[in-house]
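Chemist: Sharing a structure below in structure tokens format, with a few things to ask.
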Protein chains: 2
Amino acid sequence: MKLTRRKLEIVATAAKLFRKKGYNAVSMRDLAQALEIKAASLYNHINSKQEILGIIILDVAENFTQHMNSVSPENISSIKKLESVIENHIQITIEKTDALACLNNDWMHLEKLDLENYLMMRNTYEAKMRNIIEQGIQQKELQERNIDLVLFSLLSTLRTLHLWYSKNKEVSPQLLFEEMKQNLLHGIIR
Amino acid sequence: MKLTRRKLEIVATAAKLFRKKGYNAVSMRDLAQALEIKAASLYNHINSKQEILGIIILDVAENFTQHMNSVSPENISSIKKLESVIENHIQITIEKTDALACLNNDWMHLEKLDLENYLMMRNTYEAKMRNIIEQGIQQKELQERNIDLVLFSLLSTLRTLHLWYSKNKEVSPQLLFEEMKQNLLHGIIR
């Protein structure tokens with residue numbers, strides 16, 4: 001998705017506002033005010049609040065999709081694949097904190113086509129990650145467990161990491177990656 | 001908190017509705033309708049929607065608080081304490097699924113005193129769980145890690161388990177406990 005510099009600025013400001021107040025509580029007027037432009041001139045760049053939400057969320061969803069599509073067919077161990085998935089979640093958490101929070105909080109407010117597109121990407125992502133876990137168990141790299149519950153345990157933490165990260169922005173990406181990889185894959189017991 | 005049978009019924013129905021539609025989208029009229037009574041007679045039992053939300057959320061929060069207060073000073077290993085914490089989260093997830101979902105989704109809509117009470121309980125809970133992890137690291141039962149990130153990794157999964165459980169209600173509490181204990185404490189690698 002190619003955006004003009006102006007549109008990028010609008011989208012970034014909107015993501016901050018949506019995150020802070022929730023999508024429903026933000027009006028186009030609030031957004032224009034935050035950008036210090038007139039509401040009328042905002043409509044020169046953007047048709048609706050829903051269009052902005054779609055741009056924010058689908059951009060993040062495409063990031064996840066592209067990474068999963070590139071890592072899942074690779075000829076590496078399941079553990080290496082899961083490490084790469086964890087690393088990608090952390091990278092997006094750090095680089096697109098506001099947008100990721102919007103995705104988590106407000107995906108249900110997408111309009112029909114965007115919503116279908118988003119849900120398809122999310123379902124495909126989960127199915128591919130499920131396959132990685134399943135293969136890891138088959139190849140005896142991973143413990144024999146309830147696959148859905150392993151998938152849920154990993155994703156529930158990775159998807160909400162932005163909440164922790166917003167309060168701990170001083171942490172280095174490298175430390176965050178090492179610690180999360182250990183916590184999620186190796187456990188916490190000595 | 002002692003409630004009459006009628007009030008218990010009102011609260012349980014409200015928790016279901018709040019969970020399904022979100023607290024803000026449910027009116028006292030909707031609630032009366034779901035209970036098949038008149039709105040006026042609902043007010044014989046309950047003063048406001050906020051009173052109901054307070055009852056729902058503080059009851060669950062008190063369950064967590066009581067368990068943490070009983071387990072944290074016990075003379076057992078940190079690992080045993082964490083296992084007990086996980087078991088309690090699972091028990092509340094199973095027994096109070098709707099109320100727990102309300103707590104997670106709508107705690108920010110509590111009125112002032114209830115909100116302060118809730119936040120105090122939540123902060124104390126997290127501080128005590130943090131202490132258990134810290135002691136476990138000091139006593140070399142747990143890996144040396146970033147304590148806050150371990151706390152977050154555990155709670156992010158435990159607090160959202162109700163989402164997974166609502167779609168997988170056929171799973172036995174015992175299996176859920178065994179798998180979650182393994183996933184969260186021992187990791188998934190073989």
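Letters for chains follow the order of the structure tokens (A, B, ...), residue numbers begin at 1 for each chain, and ligand numbers begin at 1 in the order shown.
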Restrict the distance test to only C-alpha atoms, flag each residue of chain B within 9 Å of chain A, and return the flagged residues as an MDAnalysis selection string.

Modeler: chainID B and resid 79 136:137 140:146 148:150 152:158 160:161 164 176 179:180 182:190

Chemist: According to DSSP computed on the backbone, where in chain B is there helix (DSSP H, G or I)? Give the residues as a PyMOL selection string.

Modeler: chain B and resi 5-21+23-25+28-35+39-42+49-71+78-95+97-109+112-138+147-167+173-186

Chemist: Tell me, as a list of chain:residue names, which residues lie within 9 Å of region 61-70 of chain B, counting only C-alpha atoms; anything in the same chain fewer than 3 positions away does not count.

Modeler: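 Residues near the query, excluding close chain neighbours: B:Ile56, B:Ile57, B:Leu58, B:Pro73, B:Glu74, B:Ser84, B:Val85, B:Asn88, B:His89, B:Ile92, B:Leu100, B:Leu103, B:Tyr118, B:Met121, B:Arg122, B:Thr124, B:Tyr125, B:Lys128, B:Met129.
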
Chemist: Keeping N, CA, C and O atoms, export the residues of the selection given above as a short mmCIF file (atom, residue, chain, number, x, y, z; two decimals), in the first residue's frame.

Modeler:
data_model
loop_
_atom_site.label_atom_id
_atom_site.label_comp_id
_atom_site.auth_asym_id
_atom_site.auth_seq_id
_atom_site.Cartn_x
_atom_site.Cartn_y
_atom_site.Cartn_z
N ILE B 56 -20.33 -7.57 39.97
CA ILE B 56 -19.73 -8.61 39.13
C ILE B 56 -18.21 -8.61 39.26
O ILE B 56 -17.58 -9.63 39.53
N ILE B 57 -17.61 -7.44 39.07
CA ILE B 57 -16.15 -7.37 38.98
C ILE B 57 -15.49 -7.53 40.35
O ILE B 57 -14.51 -8.26 40.49
N LEU B 58 -16.05 -6.88 41.37
CA LEU B 58 -15.40 -6.97 42.68
C LEU B 58 -15.48 -8.38 43.26
O LEU B 58 -14.58 -8.83 43.96
N PRO B 73 1.90 -16.39 51.51
CA PRO B 73 2.77 -16.59 52.69
C PRO B 73 3.05 -18.05 53.02
O PRO B 73 3.77 -18.34 53.98
N GLU B 74 2.49 -18.98 52.25
CA GLU B 74 2.67 -20.41 52.57
C GLU B 74 4.13 -20.83 52.53
O GLU B 74 4.92 -20.26 51.79
N SER B 84 -0.24 -23.11 42.00
CA SER B 84 -1.51 -22.85 42.68
C SER B 84 -2.20 -21.63 42.07
O SER B 84 -3.42 -21.60 41.92
N VAL B 85 -1.41 -20.60 41.73
CA VAL B 85 -1.96 -19.40 41.08
C VAL B 85 -2.58 -19.76 39.73
O VAL B 85 -3.69 -19.34 39.40
N ASN B 88 -5.82 -21.61 40.24
CA ASN B 88 -6.91 -20.72 40.65
C ASN B 88 -7.46 -19.92 39.47
O ASN B 88 -8.67 -19.74 39.32
N HIS B 89 -6.56 -19.43 38.59
CA HIS B 89 -7.01 -18.72 37.39
C HIS B 89 -7.90 -19.62 36.54
O HIS B 89 -8.93 -19.19 36.02
N ILE B 92 -11.38 -20.10 38.24
CA ILE B 92 -12.26 -18.93 38.07
C ILE B 92 -12.69 -18.80 36.61
O ILE B 92 -13.84 -18.46 36.32
N LEU B 100 -15.56 -12.99 34.57
CA LEU B 100 -14.15 -12.73 34.30
C LEU B 100 -13.98 -11.93 33.01
O LEU B 100 -13.15 -11.02 32.92
N LEU B 103 -14.81 -8.40 33.81
CA LEU B 103 -13.68 -7.77 34.50
C LEU B 103 -12.64 -7.32 33.47
O LEU B 103 -12.19 -6.18 33.48
N TYR B 118 -10.96 -1.86 43.03
CA TYR B 118 -10.49 -2.85 42.06
C TYR B 118 -9.01 -2.68 41.75
O TYR B 118 -8.23 -3.64 41.76
N MET B 121 -6.80 -3.81 44.52
CA MET B 121 -6.69 -5.28 44.56
C MET B 121 -5.78 -5.80 43.44
O MET B 121 -4.95 -6.67 43.64
N ARG B 122 -5.94 -5.22 42.23
CA ARG B 122 -5.14 -5.68 41.10
C ARG B 122 -3.66 -5.40 41.33
O ARG B 122 -2.81 -6.26 41.09
N THR B 124 -2.09 -4.99 44.19
CA THR B 124 -1.57 -5.83 45.27
C THR B 124 -1.35 -7.25 44.76
O THR B 124 -0.33 -7.89 45.07
N TYR B 125 -2.28 -7.73 43.96
CA TYR B 125 -2.16 -9.07 43.38
C TYR B 125 -0.87 -9.19 42.56
O TYR B 125 -0.09 -10.12 42.72
N LYS B 128 2.27 -9.15 44.71
CA LYS B 128 2.53 -10.42 45.42
C LYS B 128 3.00 -11.51 44.46
O LYS B 128 3.85 -12.32 44.80
N MET B 129 2.44 -11.51 43.26
CA MET B 129 2.88 -12.51 42.28
C MET B 129 4.32 -12.20 41.85
O MET B 129 5.12 -13.11 41.66
#

Chemist: Per residue of region 91-184 of chain B within 9 Å of region 20-38 of chain B, which atom pair is closest and at what distance in Å (one decimal), using only C-alpha atoms, listed by chain and increasing number, as CSV?

Modeler:
residue,atom,partner,partner_atom,distance
B:Asp98,CA,B:Lys20,CA,8.8
B:Cys102,CA,B:Tyr23,CA,7.8
B:Asn105,CA,B:Gly22,CA,7.5
B:Asp106,CA,B:Tyr23,CA,6.4
B:His109,CA,B:Tyr23,CA,8.0

Chemist: Write out the residues from the selection above, keeping all heavy atoms, as a compact mmCIF listing (two decimals), in the first residue's frame.

Modeler:
# COMPACT_ATOMS: atom_id res chain seq x y z
N ASP B 98 -18.23 -15.63 32.41
CA ASP B 98 -18.84 -14.35 32.01
C ASP B 98 -18.32 -13.20 32.88
O ASP B 98 -17.98 -12.13 32.35
CB ASP B 98 -20.37 -14.41 32.14
CG ASP B 98 -20.99 -15.36 31.14
OD1 ASP B 98 -20.43 -15.50 30.03
OD2 ASP B 98 -22.02 -15.97 31.46
N CYS B 102 -16.19 -9.84 31.83
CA CYS B 102 -16.60 -8.46 32.20
C CYS B 102 -15.46 -7.72 32.86
O CYS B 102 -15.18 -6.56 32.54
CB CYS B 102 -17.77 -8.48 33.18
SG CYS B 102 -19.32 -8.88 32.41
N ASN B 105 -12.92 -6.82 30.17
CA ASN B 105 -13.37 -5.88 29.14
C ASN B 105 -13.81 -4.53 29.70
O ASN B 105 -13.66 -3.51 29.04
CB ASN B 105 -14.55 -6.47 28.35
CG ASN B 105 -14.20 -7.77 27.68
OD1 ASN B 105 -13.04 -8.04 27.40
ND2 ASN B 105 -15.21 -8.60 27.43
N ASP B 106 -14.41 -4.55 30.90
CA ASP B 106 -15.15 -3.36 31.34
C ASP B 106 -14.75 -2.81 32.70
O ASP B 106 -15.48 -1.97 33.24
CB ASP B 106 -16.66 -3.67 31.32
CG ASP B 106 -17.19 -3.76 29.90
OD1 ASP B 106 -16.85 -2.89 29.10
OD2 ASP B 106 -17.92 -4.72 29.60
N HIS B 109 -14.99 0.92 33.38
CA HIS B 109 -16.29 1.58 33.52
C HIS B 109 -16.83 1.55 34.95
O HIS B 109 -17.95 1.99 35.19
CB HIS B 109 -17.31 0.94 32.56
CG HIS B 109 -16.92 1.11 31.12
ND1 HIS B 109 -16.81 0.05 30.25
CD2 HIS B 109 -16.59 2.22 30.40
CE1 HIS B 109 -16.43 0.50 29.07
NE2 HIS B 109 -16.29 1.80 29.13

Chemist: Give me the residues near Lys81 (chain B) as a list in words, where near means some atom within 7 Å (using only C-alpha atoms) and where sequence neighbours in that chain fewer than 4 positions away do not count.

Modeler: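 Returned residues: Val71, Ser72, Ile76, Ser77 and Val85 of chain B.
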
Chemist: Between CA of Glu126 (chain B) and CA of Asp114 (chain B), what distance in Å does the model show, to one decimal?

Modeler: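 That distance, rounded to one decimal, is 18.3 Å.
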
Chemist: Find the residues around Leu8 (chain A) up to 10 Å (only C-alpha atoms counted), leave out those fewer than 5 positions away in its own chain, and share them as an mmCIF file with N, CA and C atoms, in the first residue's frame.

Modeler:
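File written: around.cif
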data_model
loop_
_atom_site.group_PDB
_atom_site.id
_atom_site.type_symbol
_atom_site.label_atom_id
_atom_site.label_comp_id
_atom_site.auth_asym_id
_atom_site.auth_seq_id
_atom_site.Cartn_x
_atom_site.Cartn_y
_atom_site.Cartn_z
ATOM 1 N N LYS A 2 0.808 2.061 -1.053
ATOM 2 C CA LYS A 2 1.617 3.293 -1.124
ATOM 3 C C LYS A 2 0.779 4.475 -0.658
ATOM 4 N N LEU A 3 1.321 5.255 0.271
ATOM 5 C CA LEU A 3 0.603 6.415 0.786
ATOM 6 C C LEU A 3 1.450 7.672 0.588
ATOM 7 N N THR A 13 -1.130 9.884 13.123
ATOM 8 C CA THR A 13 -1.800 10.671 14.170
ATOM 9 C C THR A 13 -3.100 9.991 14.597
ATOM 10 N N ALA A 14 -3.822 9.465 13.609
ATOM 11 C CA ALA A 14 -5.077 8.766 13.917
ATOM 12 C C ALA A 14 -4.819 7.547 14.797
ATOM 13 N N ILE A 55 -6.725 1.310 6.770
ATOM 14 C CA ILE A 55 -5.319 1.465 6.386
ATOM 15 C C ILE A 55 -4.402 1.041 7.535
ATOM 16 N N ILE A 56 -4.716 1.519 8.738
ATOM 17 C CA ILE A 56 -3.878 1.212 9.915
ATOM 18 C C ILE A 56 -3.799 -0.295 10.148
#

Chemist: Expressed in Å to a single decimal, how great is the separation between CA of Trp107 (chain A) and CA of Val60 (chain A)?

Modeler: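 We find that CA of Trp107 (chain A) and CA of Val60 (chain A) lie 11.2 Å from each other.
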
Chemist: What separation in Å, quoted to one decimal, exists between CA of His45 (chain B) and CA of Thr97 (chain B)?

Modeler: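 Pair CA of His45 (chain B) / CA of Thr97 (chain B) returns 23.6 Å.
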